[in-house]
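Source file: data-v2.pdb; contents: PDB, C-alpha atoms.
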```pdb
MODEL        1
ATOM      1  CA  MET A   2      15.826   0.228  -0.710  1.00  0.00           C
ATOM      2  CA  LEU A   3      13.057  -2.281  -1.513  1.00  0.00           C
ATOM      3  CA  ALA A   4      14.080  -4.463   1.422  1.00  0.00           C
ATOM      4  CA  GLU A   5      13.933  -1.413   3.703  1.00  0.00           C
ATOM      5  CA  THR A   6      10.446  -0.496   2.440  1.00  0.00           C
ATOM      6  CA  LEU A   7       9.203  -4.037   3.043  1.00  0.00           C
ATOM      7  CA  LYS A   8      10.769  -4.166   6.496  1.00  0.00           C
ATOM      8  CA  LYS A   9       9.245  -0.822   7.478  1.00  0.00           C
ATOM      9  CA  SER A  10       5.801  -1.890   6.260  1.00  0.00           C
ATOM     10  CA  PHE A  11       5.831  -5.243   8.036  1.00  0.00           C
ATOM     11  CA  ASP A  12       7.588  -4.143  11.264  1.00  0.00           C
ATOM     12  CA  LYS A  13       4.172  -3.310  12.739  1.00  0.00           C
ATOM     13  CA  TYR A  14       3.296  -7.027  12.469  1.00  0.00           C
ATOM     14  CA  PHE A  15       6.650  -8.640  13.250  1.00  0.00           C
ATOM     15  CA  ILE A  16      10.314  -7.711  13.412  1.00  0.00           C
ATOM     16  CA  ALA A  17      12.666  -9.486  11.020  1.00  0.00           C
ATOM     17  CA  PRO A  18      16.287  -8.595  10.287  1.00  0.00           C
ATOM     18  CA  ILE A  19      16.978  -6.607   7.125  1.00  0.00           C
ATOM     19  CA  GLU A  20      18.873  -9.627   5.720  1.00  0.00           C
ATOM     20  CA  ALA A  21      15.617 -11.614   5.634  1.00  0.00           C
ATOM     21  CA  TRP A  22      13.937  -8.815   3.697  1.00  0.00           C
ATOM     22  CA  LYS A  23      16.881  -8.582   1.294  1.00  0.00           C
ATOM     23  CA  GLU A  24      16.450 -12.295   0.571  1.00  0.00           C
ATOM     24  CA  PHE A  25      12.721 -11.811   0.042  1.00  0.00           C
ATOM     25  CA  ALA A  26      13.281  -8.760  -2.191  1.00  0.00           C
ATOM     26  CA  GLU A  27      15.472 -10.823  -4.539  1.00  0.00           C
ATOM     27  CA  PHE A  28      12.324 -12.676  -5.642  1.00  0.00           C
ATOM     28  CA  CYS A  29      10.392  -9.458  -6.327  1.00  0.00           C
ATOM     29  CA  GLU A  30      10.089  -7.429  -9.503  1.00  0.00           C
ATOM     30  CA  PRO A  31       8.767  -3.874  -9.884  1.00  0.00           C
ATOM     31  CA  ILE A  32       5.696  -3.223 -12.019  1.00  0.00           C
ATOM     32  CA  ILE A  33       3.579  -0.168 -12.820  1.00  0.00           C
ATOM     33  CA  PHE A  34      -0.151  -0.233 -13.551  1.00  0.00           C
ATOM     34  CA  LYS A  35      -2.175   2.519 -15.212  1.00  0.00           C
ATOM     35  CA  LYS A  36      -5.364   3.787 -13.604  1.00  0.00           C
ATOM     36  CA  GLY A  37      -8.168   1.366 -14.496  1.00  0.00           C
ATOM     37  CA  GLN A  38      -5.800  -1.378 -15.648  1.00  0.00           C
ATOM     38  CA  ILE A  39      -6.933  -4.896 -14.793  1.00  0.00           C
ATOM     39  CA  ILE A  40      -4.301  -6.570 -12.657  1.00  0.00           C
ATOM     40  CA  LYS A  41      -6.074  -9.935 -12.428  1.00  0.00           C
ATOM     41  CA  PRO A  42      -9.133 -10.642 -14.619  1.00  0.00           C
ATOM     42  CA  GLN A  43     -12.188 -12.449 -13.269  1.00  0.00           C
ATOM     43  CA  GLY A  44     -12.323 -16.169 -14.037  1.00  0.00           C
ATOM     44  CA  THR A  45      -8.537 -16.538 -13.890  1.00  0.00           C
ATOM     45  CA  THR A  46      -6.033 -17.859 -11.379  1.00  0.00           C
ATOM     46  CA  GLU A  47      -3.896 -15.364  -9.460  1.00  0.00           C
ATOM     47  CA  LYS A  48      -0.316 -15.539 -10.700  1.00  0.00           C
ATOM     48  CA  TYR A  49       1.274 -12.976  -8.375  1.00  0.00           C
ATOM     49  CA  PHE A  50       1.381 -11.617  -4.859  1.00  0.00           C
ATOM     50  CA  TYR A  51       1.547  -7.810  -5.065  1.00  0.00           C
ATOM     51  CA  PHE A  52       2.768  -5.228  -2.605  1.00  0.00           C
ATOM     52  CA  ILE A  53       1.760  -1.620  -3.255  1.00  0.00           C
ATOM     53  CA  ILE A  54       4.572   0.918  -3.054  1.00  0.00           C
ATOM     54  CA  LYS A  55       2.469   3.825  -4.361  1.00  0.00           C
ATOM     55  CA  GLY A  56      -1.136   3.889  -5.554  1.00  0.00           C
ATOM     56  CA  SER A  57      -4.204   1.794  -4.900  1.00  0.00           C
ATOM     57  CA  ALA A  58      -6.185  -1.187  -6.118  1.00  0.00           C
ATOM     58  CA  GLY A  59      -9.640  -2.614  -5.661  1.00  0.00           C
ATOM     59  CA  ILE A  60     -10.989  -6.139  -5.597  1.00  0.00           C
ATOM     60  CA  PHE A  61     -14.286  -6.507  -7.454  1.00  0.00           C
ATOM     61  CA  LEU A  62     -16.982  -9.108  -8.044  1.00  0.00           C
ATOM     62  CA  TRP A  63     -19.471  -9.019 -10.945  1.00  0.00           C
ATOM     63  CA  LYS A  64     -23.026  -8.965  -9.596  1.00  0.00           C
ATOM     64  CA  GLU A  65     -26.266  -8.049 -11.328  1.00  0.00           C
ATOM     65  CA  ASN A  66     -24.747  -6.269 -14.325  1.00  0.00           C
ATOM     66  CA  ASN A  67     -22.025  -4.339 -12.512  1.00  0.00           C
ATOM     67  CA  PHE A  68     -18.909  -4.781 -10.431  1.00  0.00           C
ATOM     68  CA  VAL A  69     -19.194  -4.589  -6.651  1.00  0.00           C
ATOM     69  CA  CYS A  70     -16.122  -3.418  -4.744  1.00  0.00           C
ATOM     70  CA  LEU A  71     -15.205  -5.922  -2.035  1.00  0.00           C
ATOM     71  CA  ASP A  72     -11.979  -4.338  -0.830  1.00  0.00           C
ATOM     72  CA  PHE A  73      -9.421  -1.568  -1.262  1.00  0.00           C
ATOM     73  CA  ALA A  74      -5.641  -1.694  -0.902  1.00  0.00           C
ATOM     74  CA  PHE A  75      -3.307   1.289  -0.601  1.00  0.00           C
ATOM     75  CA  GLU A  76       0.403   1.976  -0.052  1.00  0.00           C
ATOM     76  CA  ASN A  77       2.374  -0.406   2.122  1.00  0.00           C
ATOM     77  CA  SER A  78      -0.140  -3.207   1.866  1.00  0.00           C
ATOM     78  CA  ALA A  79      -0.509  -6.480   0.030  1.00  0.00           C
ATOM     79  CA  CYS A  80      -2.930  -6.790  -2.839  1.00  0.00           C
ATOM     80  CA  CYS A  81      -4.048  -9.805  -4.826  1.00  0.00           C
ATOM     81  CA  ASP A  82      -6.810 -12.362  -5.172  1.00  0.00           C
ATOM     82  CA  TYR A  83      -5.470 -14.089  -2.091  1.00  0.00           C
ATOM     83  CA  MET A  84      -8.038 -16.896  -2.211  1.00  0.00           C
ATOM     84  CA  SER A  85      -6.940 -17.790  -5.735  1.00  0.00           C
ATOM     85  CA  LEU A  86      -3.265 -17.469  -4.798  1.00  0.00           C
ATOM     86  CA  LEU A  87      -3.707 -19.957  -1.951  1.00  0.00           C
ATOM     87  CA  THR A  88      -5.998 -22.445  -3.724  1.00  0.00           C
ATOM     88  CA  LYS A  89      -4.331 -22.111  -7.146  1.00  0.00           C
ATOM     89  CA  GLN A  90      -7.846 -22.056  -8.612  1.00  0.00           C
ATOM     90  CA  PRO A  91      -9.598 -19.429 -10.739  1.00  0.00           C
ATOM     91  CA  THR A  92     -12.114 -17.161  -9.007  1.00  0.00           C
ATOM     92  CA  GLU A  93     -14.678 -14.609 -10.119  1.00  0.00           C
ATOM     93  CA  LEU A  94     -12.735 -11.834  -8.399  1.00  0.00           C
ATOM     94  CA  GLU A  95     -11.096  -9.099 -10.448  1.00  0.00           C
ATOM     95  CA  VAL A  96      -8.274  -6.877  -9.209  1.00  0.00           C
ATOM     96  CA  VAL A  97      -8.014  -3.394 -10.756  1.00  0.00           C
ATOM     97  CA  ALA A  98      -5.611  -0.469 -10.292  1.00  0.00           C
ATOM     98  CA  LEU A  99      -7.719   2.447  -9.026  1.00  0.00           C
ATOM     99  CA  GLU A 100      -4.993   4.968  -9.826  1.00  0.00           C
ATOM    100  CA  LYS A 101      -1.544   4.831 -11.380  1.00  0.00           C
ATOM    101  CA  SER A 102       0.238   2.383  -9.094  1.00  0.00           C
ATOM    102  CA  GLU A 103       3.786   1.284  -8.462  1.00  0.00           C
ATOM    103  CA  MET A 104       3.947  -2.220  -7.057  1.00  0.00           C
ATOM    104  CA  ILE A 105       6.288  -5.086  -6.599  1.00  0.00           C
ATOM    105  CA  ARG A 106       5.194  -8.578  -7.379  1.00  0.00           C
ATOM    106  CA  ILE A 107       6.367 -12.049  -6.652  1.00  0.00           C
ATOM    107  CA  SER A 108       5.240 -15.007  -8.719  1.00  0.00           C
ATOM    108  CA  SER A 109       2.883 -17.538  -7.196  1.00  0.00           C
ATOM    109  CA  ASN A 110       5.568 -20.243  -7.416  1.00  0.00           C
ATOM    110  CA  ASN A 111       8.173 -18.076  -5.694  1.00  0.00           C
ATOM    111  CA  PHE A 112       5.617 -16.990  -3.104  1.00  0.00           C
ATOM    112  CA  HIS A 113       4.840 -20.613  -2.243  1.00  0.00           C
ATOM    113  CA  ASN A 114       8.540 -21.542  -2.282  1.00  0.00           C
ATOM    114  CA  LEU A 115       9.329 -18.655   0.054  1.00  0.00           C
ATOM    115  CA  SER A 116       6.576 -19.853   2.383  1.00  0.00           C
ATOM    116  CA  ARG A 117       8.877 -22.713   3.288  1.00  0.00           C
ATOM    117  CA  LYS A 118      11.404 -20.195   4.658  1.00  0.00           C
ATOM    118  CA  SER A 119      10.920 -18.375   7.932  1.00  0.00           C
ATOM    119  CA  VAL A 120      10.222 -14.873   6.608  1.00  0.00           C
ATOM    120  CA  GLY A 121       7.936 -16.247   3.902  1.00  0.00           C
ATOM    121  CA  GLN A 122       5.982 -18.255   6.459  1.00  0.00           C
ATOM    122  CA  VAL A 123       5.530 -15.173   8.599  1.00  0.00           C
ATOM    123  CA  ILE A 124       4.471 -13.020   5.619  1.00  0.00           C
ATOM    124  CA  MET A 125       1.871 -15.582   4.532  1.00  0.00           C
ATOM    125  CA  GLN A 126       0.569 -15.983   8.064  1.00  0.00           C
ATOM    126  CA  MET A 127       0.400 -12.228   8.709  1.00  0.00           C
ATOM    127  CA  THR A 128      -1.280 -11.580   5.350  1.00  0.00           C
ATOM    128  CA  ALA A 129      -3.843 -14.307   5.962  1.00  0.00           C
ATOM    129  CA  GLU A 130      -4.543 -13.163   9.518  1.00  0.00           C
ATOM    130  CA  ALA A 131      -4.852  -9.490   8.576  1.00  0.00           C
ATOM    131  CA  SER A 132      -7.146 -10.359   5.670  1.00  0.00           C
ATOM    132  CA  PHE A 133      -9.329 -12.563   7.873  1.00  0.00           C
ATOM    133  CA  VAL A 134      -9.694  -9.945  10.611  1.00  0.00           C
ATOM    134  CA  GLU A 135     -10.444  -7.189   8.092  1.00  0.00           C
ATOM    135  CA  LYS A 136     -13.106  -9.252   6.277  1.00  0.00           C
ATOM    136  CA  GLN A 137     -14.765 -10.306   9.537  1.00  0.00           C
ATOM    137  CA  GLN A 138     -14.833  -6.691  10.719  1.00  0.00           C
ATOM    138  CA  GLN A 139     -16.286  -5.587   7.386  1.00  0.00           C
ATOM    139  CA  GLN A 140     -19.040  -8.227   7.624  1.00  0.00           C
ATOM    140  CA  ILE A 141     -19.879  -7.241  11.198  1.00  0.00           C
ATOM    141  CA  GLU A 142     -20.063  -3.559  10.204  1.00  0.00           C
ATOM    142  CA  LEU A 143     -22.265  -4.342   7.197  1.00  0.00           C
ATOM    143  CA  LEU A 144     -24.716  -6.257   9.387  1.00  0.00           C
ATOM    144  CA  THR A 145     -24.706  -4.050  12.492  1.00  0.00           C
ATOM    145  CA  LYS A 146     -23.935  -0.464  11.442  1.00  0.00           C
ATOM    146  CA  THR A 147     -25.848   2.098   9.419  1.00  0.00           C
ATOM    147  CA  ALA A 148     -24.483   3.207   6.059  1.00  0.00           C
ATOM    148  CA  GLU A 149     -23.507   6.541   7.610  1.00  0.00           C
ATOM    149  CA  LYS A 150     -21.528   4.846  10.377  1.00  0.00           C
ATOM    150  CA  ARG A 151     -19.804   2.514   7.856  1.00  0.00           C
ATOM    151  CA  TYR A 152     -18.885   5.585   5.817  1.00  0.00           C
ATOM    152  CA  ARG A 153     -17.357   7.288   8.868  1.00  0.00           C
ATOM    153  CA  ILE A 154     -15.360   4.146   9.674  1.00  0.00           C
ATOM    154  CA  LEU A 155     -14.075   3.977   6.082  1.00  0.00           C
ATOM    155  CA  GLN A 156     -13.226   7.675   6.124  1.00  0.00           C
ATOM    156  CA  ALA A 157     -11.292   7.274   9.387  1.00  0.00           C
ATOM    157  CA  LYS A 158      -9.395   4.318   7.958  1.00  0.00           C
ATOM    158  CA  PHE A 159      -8.605   6.050   4.640  1.00  0.00           C
ATOM    159  CA  PRO A 160      -8.908   9.845   5.225  1.00  0.00           C
ATOM    160  CA  ASN A 161      -8.205  10.893   1.618  1.00  0.00           C
ATOM    161  CA  ILE A 162     -10.132   8.102  -0.103  1.00  0.00           C
ATOM    162  CA  HIS A 163     -12.437  10.531  -1.948  1.00  0.00           C
ATOM    163  CA  GLN A 164      -9.482  12.120  -3.724  1.00  0.00           C
ATOM    164  CA  ARG A 165      -8.185   8.726  -4.825  1.00  0.00           C
ATOM    165  CA  VAL A 166     -11.140   6.402  -5.472  1.00  0.00           C
ATOM    166  CA  ALA A 167     -14.261   6.900  -7.596  1.00  0.00           C
ATOM    167  CA  GLN A 168     -17.447   7.535  -5.609  1.00  0.00           C
ATOM    168  CA  LYS A 169     -19.173   4.576  -7.305  1.00  0.00           C
ATOM    169  CA  HIS A 170     -16.500   2.216  -5.894  1.00  0.00           C
ATOM    170  CA  ILE A 171     -16.787   3.675  -2.404  1.00  0.00           C
ATOM    171  CA  ALA A 172     -20.574   3.354  -2.561  1.00  0.00           C
ATOM    172  CA  SER A 173     -20.465  -0.267  -3.737  1.00  0.00           C
ATOM    173  CA  TYR A 174     -17.952  -1.119  -1.000  1.00  0.00           C
ATOM    174  CA  LEU A 175     -20.383   0.341   1.548  1.00  0.00           C
ATOM    175  CA  GLY A 176     -23.312  -1.507  -0.006  1.00  0.00           C
ATOM    176  CA  ILE A 177     -25.192   1.657  -1.000  1.00  0.00           C
ATOM    177  CA  THR A 178     -25.922   3.647  -4.162  1.00  0.00           C
ATOM    178  CA  PRO A 179     -23.757   6.598  -5.223  1.00  0.00           C
ATOM    179  CA  GLN A 180     -26.768   8.853  -4.578  1.00  0.00           C
ATOM    180  CA  SER A 181     -27.039   7.617  -0.995  1.00  0.00           C
ATOM    181  CA  LEU A 182     -23.319   8.215  -0.542  1.00  0.00           C
ATOM    182  CA  SER A 183     -23.731  11.794  -1.777  1.00  0.00           C
ATOM    183  CA  ARG A 184     -26.502  12.392   0.770  1.00  0.00           C
ATOM    184  CA  ILE A 185     -24.375  10.908   3.572  1.00  0.00           C
ATOM    185  CA  ARG A 186     -21.363  13.008   2.565  1.00  0.00           C
ATOM    186  CA  ASN A 187     -23.503  16.158   2.545  1.00  0.00           C
ATOM    187  CA  THR A 188     -24.777  15.485   6.084  1.00  0.00           C
ATOM    188  CA  THR A 189     -21.389  14.520   7.566  1.00  0.00           C
ATOM    189  CA  ASN A 190     -19.261  17.295   6.040  1.00  0.00           C
TER     190      ASN A 190
ENDMDL
END
```

Please express what this file holds, its structure, as structure tokens.
Amino acid sequence: MLAETLKKSFDKYFIAPIEAWKEFAEFCEPIIFKKGQIIKPQGTTEKYFYFIIKGSAGIFLWKENNFVCLDFAFENSACCDYMSLLTKQPTELEVVALEKSEMIRISSNNFHNLSRKSVGQVIMQMTAEASFVEKQQQQIELLTKTAEKRYRILQAKFPNIHQRVAQKHIASYLGITPQSLSRIRNTTN
């Protein structure tokens, strides 16, 4: 079942036989996080690559006495401090479960060992490419679009985000205050 879930999630990026996913799944272990539970604390090195089966997570950075949300991850997507996973160095990023979440994880060592195999190489490459494109797009939007337009883009990408993620996290992701987000929501709804 896990291999089938992984295959279905990654088929949009590349097609691999179910046997490859079964091999990959052997290195994975299930884990559940409570809402608000810290998955990876700031100032530490990422120990796992996570894949979200159900739930959501956010990646945060401490800035000026509060955490700023840099990214969200939902079902059928990878989630971790990918920079730390690749460099094997601690970062100031913190990963937090935004709601009760069921995930699978693979240890950093197994992740790097699997990268030497064909499916592992493809997973690492696709994860890195998707992350790069998403971050570039987010930077472009932050610099060229109004807060209202960025909100509409986020809402189109994650239609039920307001039922799942605290308004303060959505606002910090957009680079605005929660009050500004409330005003934007009132004018767009």

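Distance annotation: of A:Ser108, A:Thr92, A:Thr46, A:Ser57, the residue with the minimal separation from Asn77 (chain A) is A:Ser57; atom set is all atoms listed in the file.
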
**Q.** Exercise: region 47-56 of chain A partners within 7 Å, all atoms listed in the file, chain neighbours under 6 positions left out, as JSON, numbers by chain
**A.** {"A": [41, 75, 76, 77, 78, 79, 80, 81, 82, 85, 86, 100, 101, 102, 103, 104, 105, 106, 107, 108, 109]}

Q: Quick one: everything within 12 Å of Glu149 (chain A), counting only C-alpha atoms, minus sequence neighbours fewer than 4 positions away in the same chain. Send it as a PyMOL selection string.
A: chain A and resi 142-143+145+153-156+172+175-177+181-190

Q: For each of A:Pro179, A:Pro91, A:Pro18, A:Pro31, take the minimum atom-to-atom distance to Thr45 (chain A), counting only C-alpha atoms, then give the residue where this is smallest.
A: A:Pro91

Q: Apply the PyMOL selection byres ((chain A and resi 125-129) around 9) to the displayed file and report the matching residues as a PyMOL selection string.
A: chain A and resi 11+14-15+79+83+112-113+116+120-124+130-134

Q) the PyMOL selection byres ((chain A and resi 94) around 7) on the file shown: which residues, as a list in words? A) Gln43, Ile60, Phe61, Leu62, Asp82, Thr92, Glu93, Glu95 and Val96 of chain A

Output as JSON the centre and edge lengths (Å, one decimal) of the box along x, y and z of the file that holds every listed atom of region 134-152 of chain A after adding 8 Å on each side.
```
{"center_x": -17.8, "center_y": -1.9, "center_z": 9.2, "size_x": 32.2, "size_y": 32.8, "size_z": 22.7}
```

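Of the residues listed (A:Phe73, A:Gln164, A:Glu65, A:Gln90), A:Gln90 shows the shortest atom-to-atom separation from Gly44 (chain A); distances use all atoms listed in the file.
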
Q. Which residue, A:Tyr152, A:Ser173, A:Ile16, A:Gln168, has the smallest gap to Trp63 (chain A) when you use only C-alpha atoms?
A. A:Ser173

Q) In terms of the shortest atom-to-atom distance over only C-alpha atoms, which of A:Lys8, A:Arg117, A:Lys158, A:Lys150 is closest to Glu135 (chain A)? A) A:Lys158

Q: Considering all atoms listed in the file, state which residue in the set A:His170, A:Trp22, A:Leu115, A:Gln140 is at the smallest distance from Lys9 (chain A).
A: A:Trp22

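Relative to CA of Ala58 (chain A), CA of Leu7 (chain A) is found at 18.1 Å.
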
Q: To one decimal in Å, tell me the separation between CA of Ala4 (chain A) and CA of Asn111 (chain A).
A: 16.5 Å

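As for CA of Leu99 (chain A) and CA of Gly37 (chain A), they are spaced 5.6 Å apart.
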
Take region 69-101 of chain A, bring it up to N, CA and C atoms, and give me the output as a PDB file, in the frame of the given file.
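Heads up, here's the output in selection.pdb:
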```pdb
ATOM      1  N   VAL A  69     -19.069  -5.009  -8.042  1.00  0.00           N
ATOM      2  CA  VAL A  69     -19.194  -4.589  -6.651  1.00  0.00           C
ATOM      3  C   VAL A  69     -17.794  -4.596  -6.047  1.00  0.00           C
ATOM      4  N   CYS A  70     -17.443  -3.522  -5.371  1.00  0.00           N
ATOM      5  CA  CYS A  70     -16.122  -3.418  -4.744  1.00  0.00           C
ATOM      6  C   CYS A  70     -16.135  -4.143  -3.402  1.00  0.00           C
ATOM      7  N   LEU A  71     -15.291  -5.152  -3.277  1.00  0.00           N
ATOM      8  CA  LEU A  71     -15.205  -5.922  -2.035  1.00  0.00           C
ATOM      9  C   LEU A  71     -14.126  -5.398  -1.094  1.00  0.00           C
ATOM     10  N   ASP A  72     -13.088  -4.775  -1.675  1.00  0.00           N
ATOM     11  CA  ASP A  72     -11.979  -4.338  -0.830  1.00  0.00           C
ATOM     12  C   ASP A  72     -11.125  -3.315  -1.556  1.00  0.00           C
ATOM     13  N   PHE A  73     -10.398  -2.522  -0.767  1.00  0.00           N
ATOM     14  CA  PHE A  73      -9.421  -1.568  -1.262  1.00  0.00           C
ATOM     15  C   PHE A  73      -8.057  -1.932  -0.699  1.00  0.00           C
ATOM     16  N   ALA A  74      -7.009  -1.555  -1.413  1.00  0.00           N
ATOM     17  CA  ALA A  74      -5.641  -1.694  -0.902  1.00  0.00           C
ATOM     18  C   ALA A  74      -4.872  -0.442  -1.306  1.00  0.00           C
ATOM     19  N   PHE A  75      -4.085   0.078  -0.375  1.00  0.00           N
ATOM     20  CA  PHE A  75      -3.307   1.289  -0.601  1.00  0.00           C
ATOM     21  C   PHE A  75      -1.835   1.025  -0.281  1.00  0.00           C
ATOM     22  N   GLU A  76      -1.029   2.100  -0.286  1.00  0.00           N
ATOM     23  CA  GLU A  76       0.403   1.976  -0.052  1.00  0.00           C
ATOM     24  C   GLU A  76       0.720   1.108   1.160  1.00  0.00           C
ATOM     25  N   ASN A  77       1.833   0.419   1.031  1.00  0.00           N
ATOM     26  CA  ASN A  77       2.374  -0.406   2.122  1.00  0.00           C
ATOM     27  C   ASN A  77       1.436  -1.529   2.541  1.00  0.00           C
ATOM     28  N   SER A  78       0.707  -2.051   1.563  1.00  0.00           N
ATOM     29  CA  SER A  78      -0.140  -3.207   1.866  1.00  0.00           C
ATOM     30  C   SER A  78      -0.108  -4.187   0.705  1.00  0.00           C
ATOM     31  N   ALA A  79      -0.451  -5.420   1.028  1.00  0.00           N
ATOM     32  CA  ALA A  79      -0.509  -6.480   0.030  1.00  0.00           C
ATOM     33  C   ALA A  79      -1.794  -6.343  -0.772  1.00  0.00           C
ATOM     34  N   CYS A  80      -1.761  -6.862  -1.981  1.00  0.00           N
ATOM     35  CA  CYS A  80      -2.930  -6.790  -2.839  1.00  0.00           C
ATOM     36  C   CYS A  80      -2.870  -7.939  -3.833  1.00  0.00           C
ATOM     37  N   CYS A  81      -3.907  -8.750  -3.824  1.00  0.00           N
ATOM     38  CA  CYS A  81      -4.048  -9.805  -4.826  1.00  0.00           C
ATOM     39  C   CYS A  81      -5.366 -10.530  -4.553  1.00  0.00           C
ATOM     40  N   ASP A  82      -5.694 -11.449  -5.427  1.00  0.00           N
ATOM     41  CA  ASP A  82      -6.810 -12.362  -5.172  1.00  0.00           C
ATOM     42  C   ASP A  82      -6.209 -13.463  -4.312  1.00  0.00           C
ATOM     43  N   TYR A  83      -6.179 -13.208  -3.019  1.00  0.00           N
ATOM     44  CA  TYR A  83      -5.470 -14.089  -2.091  1.00  0.00           C
ATOM     45  C   TYR A  83      -6.073 -15.490  -2.059  1.00  0.00           C
ATOM     46  N   MET A  84      -7.388 -15.584  -2.193  1.00  0.00           N
ATOM     47  CA  MET A  84      -8.038 -16.896  -2.211  1.00  0.00           C
ATOM     48  C   MET A  84      -7.514 -17.716  -3.392  1.00  0.00           C
ATOM     49  N   SER A  85      -7.442 -17.098  -4.546  1.00  0.00           N
ATOM     50  CA  SER A  85      -6.940 -17.790  -5.735  1.00  0.00           C
ATOM     51  C   SER A  85      -5.460 -18.137  -5.591  1.00  0.00           C
ATOM     52  N   LEU A  86      -4.691 -17.221  -5.002  1.00  0.00           N
ATOM     53  CA  LEU A  86      -3.265 -17.469  -4.798  1.00  0.00           C
ATOM     54  C   LEU A  86      -3.052 -18.702  -3.920  1.00  0.00           C
ATOM     55  N   LEU A  87      -3.852 -18.826  -2.871  1.00  0.00           N
ATOM     56  CA  LEU A  87      -3.707 -19.957  -1.951  1.00  0.00           C
ATOM     57  C   LEU A  87      -4.225 -21.271  -2.536  1.00  0.00           C
ATOM     58  N   THR A  88      -5.373 -21.216  -3.213  1.00  0.00           N
ATOM     59  CA  THR A  88      -5.998 -22.445  -3.724  1.00  0.00           C
ATOM     60  C   THR A  88      -5.479 -22.851  -5.100  1.00  0.00           C
ATOM     61  N   LYS A  89      -4.819 -21.898  -5.777  1.00  0.00           N
ATOM     62  CA  LYS A  89      -4.331 -22.111  -7.146  1.00  0.00           C
ATOM     63  C   LYS A  89      -5.478 -22.439  -8.100  1.00  0.00           C
ATOM     64  N   GLN A  90      -6.648 -21.862  -7.805  1.00  0.00           N
ATOM     65  CA  GLN A  90      -7.846 -22.056  -8.612  1.00  0.00           C
ATOM     66  C   GLN A  90      -8.353 -20.703  -9.110  1.00  0.00           C
ATOM     67  N   PRO A  91      -9.014 -20.687 -10.273  1.00  0.00           N
ATOM     68  CA  PRO A  91      -9.598 -19.429 -10.739  1.00  0.00           C
ATOM     69  C   PRO A  91     -10.757 -19.006  -9.843  1.00  0.00           C
ATOM     70  N   THR A  92     -10.974 -17.697  -9.758  1.00  0.00           N
ATOM     71  CA  THR A  92     -12.114 -17.161  -9.007  1.00  0.00           C
ATOM     72  C   THR A  92     -12.795 -16.105  -9.866  1.00  0.00           C
ATOM     73  N   GLU A  93     -13.937 -15.660  -9.421  1.00  0.00           N
ATOM     74  CA  GLU A  93     -14.678 -14.609 -10.119  1.00  0.00           C
ATOM     75  C   GLU A  93     -14.241 -13.214  -9.687  1.00  0.00           C
ATOM     76  N   LEU A  94     -13.216 -13.131  -8.855  1.00  0.00           N
ATOM     77  CA  LEU A  94     -12.735 -11.834  -8.399  1.00  0.00           C
ATOM     78  C   LEU A  94     -11.839 -11.187  -9.450  1.00  0.00           C
ATOM     79  N   GLU A  95     -11.935  -9.865  -9.536  1.00  0.00           N
ATOM     80  CA  GLU A  95     -11.096  -9.099 -10.448  1.00  0.00           C
ATOM     81  C   GLU A  95     -10.361  -8.047  -9.631  1.00  0.00           C
ATOM     82  N   VAL A  96      -9.082  -7.869  -9.901  1.00  0.00           N
ATOM     83  CA  VAL A  96      -8.274  -6.877  -9.209  1.00  0.00           C
ATOM     84  C   VAL A  96      -7.926  -5.785 -10.225  1.00  0.00           C
ATOM     85  N   VAL A  97      -8.183  -4.520  -9.843  1.00  0.00           N
ATOM     86  CA  VAL A  97      -8.014  -3.394 -10.756  1.00  0.00           C
ATOM     87  C   VAL A  97      -7.225  -2.282 -10.063  1.00  0.00           C
ATOM     88  N   ALA A  98      -6.312  -1.650 -10.800  1.00  0.00           N
ATOM     89  CA  ALA A  98      -5.611  -0.469 -10.292  1.00  0.00           C
ATOM     90  C   ALA A  98      -6.592   0.701 -10.286  1.00  0.00           C
ATOM     91  N   LEU A  99      -6.779   1.334  -9.145  1.00  0.00           N
ATOM     92  CA  LEU A  99      -7.719   2.447  -9.026  1.00  0.00           C
ATOM     93  C   LEU A  99      -7.080   3.794  -9.358  1.00  0.00           C
ATOM     94  N   GLU A 100      -5.761   3.805  -9.408  1.00  0.00           N
ATOM     95  CA  GLU A 100      -4.993   4.968  -9.826  1.00  0.00           C
ATOM     96  C   GLU A 100      -3.649   4.441 -10.312  1.00  0.00           C
ATOM     97  N   LYS A 101      -2.862   5.286 -10.949  1.00  0.00           N
ATOM     98  CA  LYS A 101      -1.544   4.831 -11.380  1.00  0.00           C
ATOM     99  C   LYS A 101      -0.836   4.274 -10.141  1.00  0.00           C
TER     100      LYS A 101
END
```
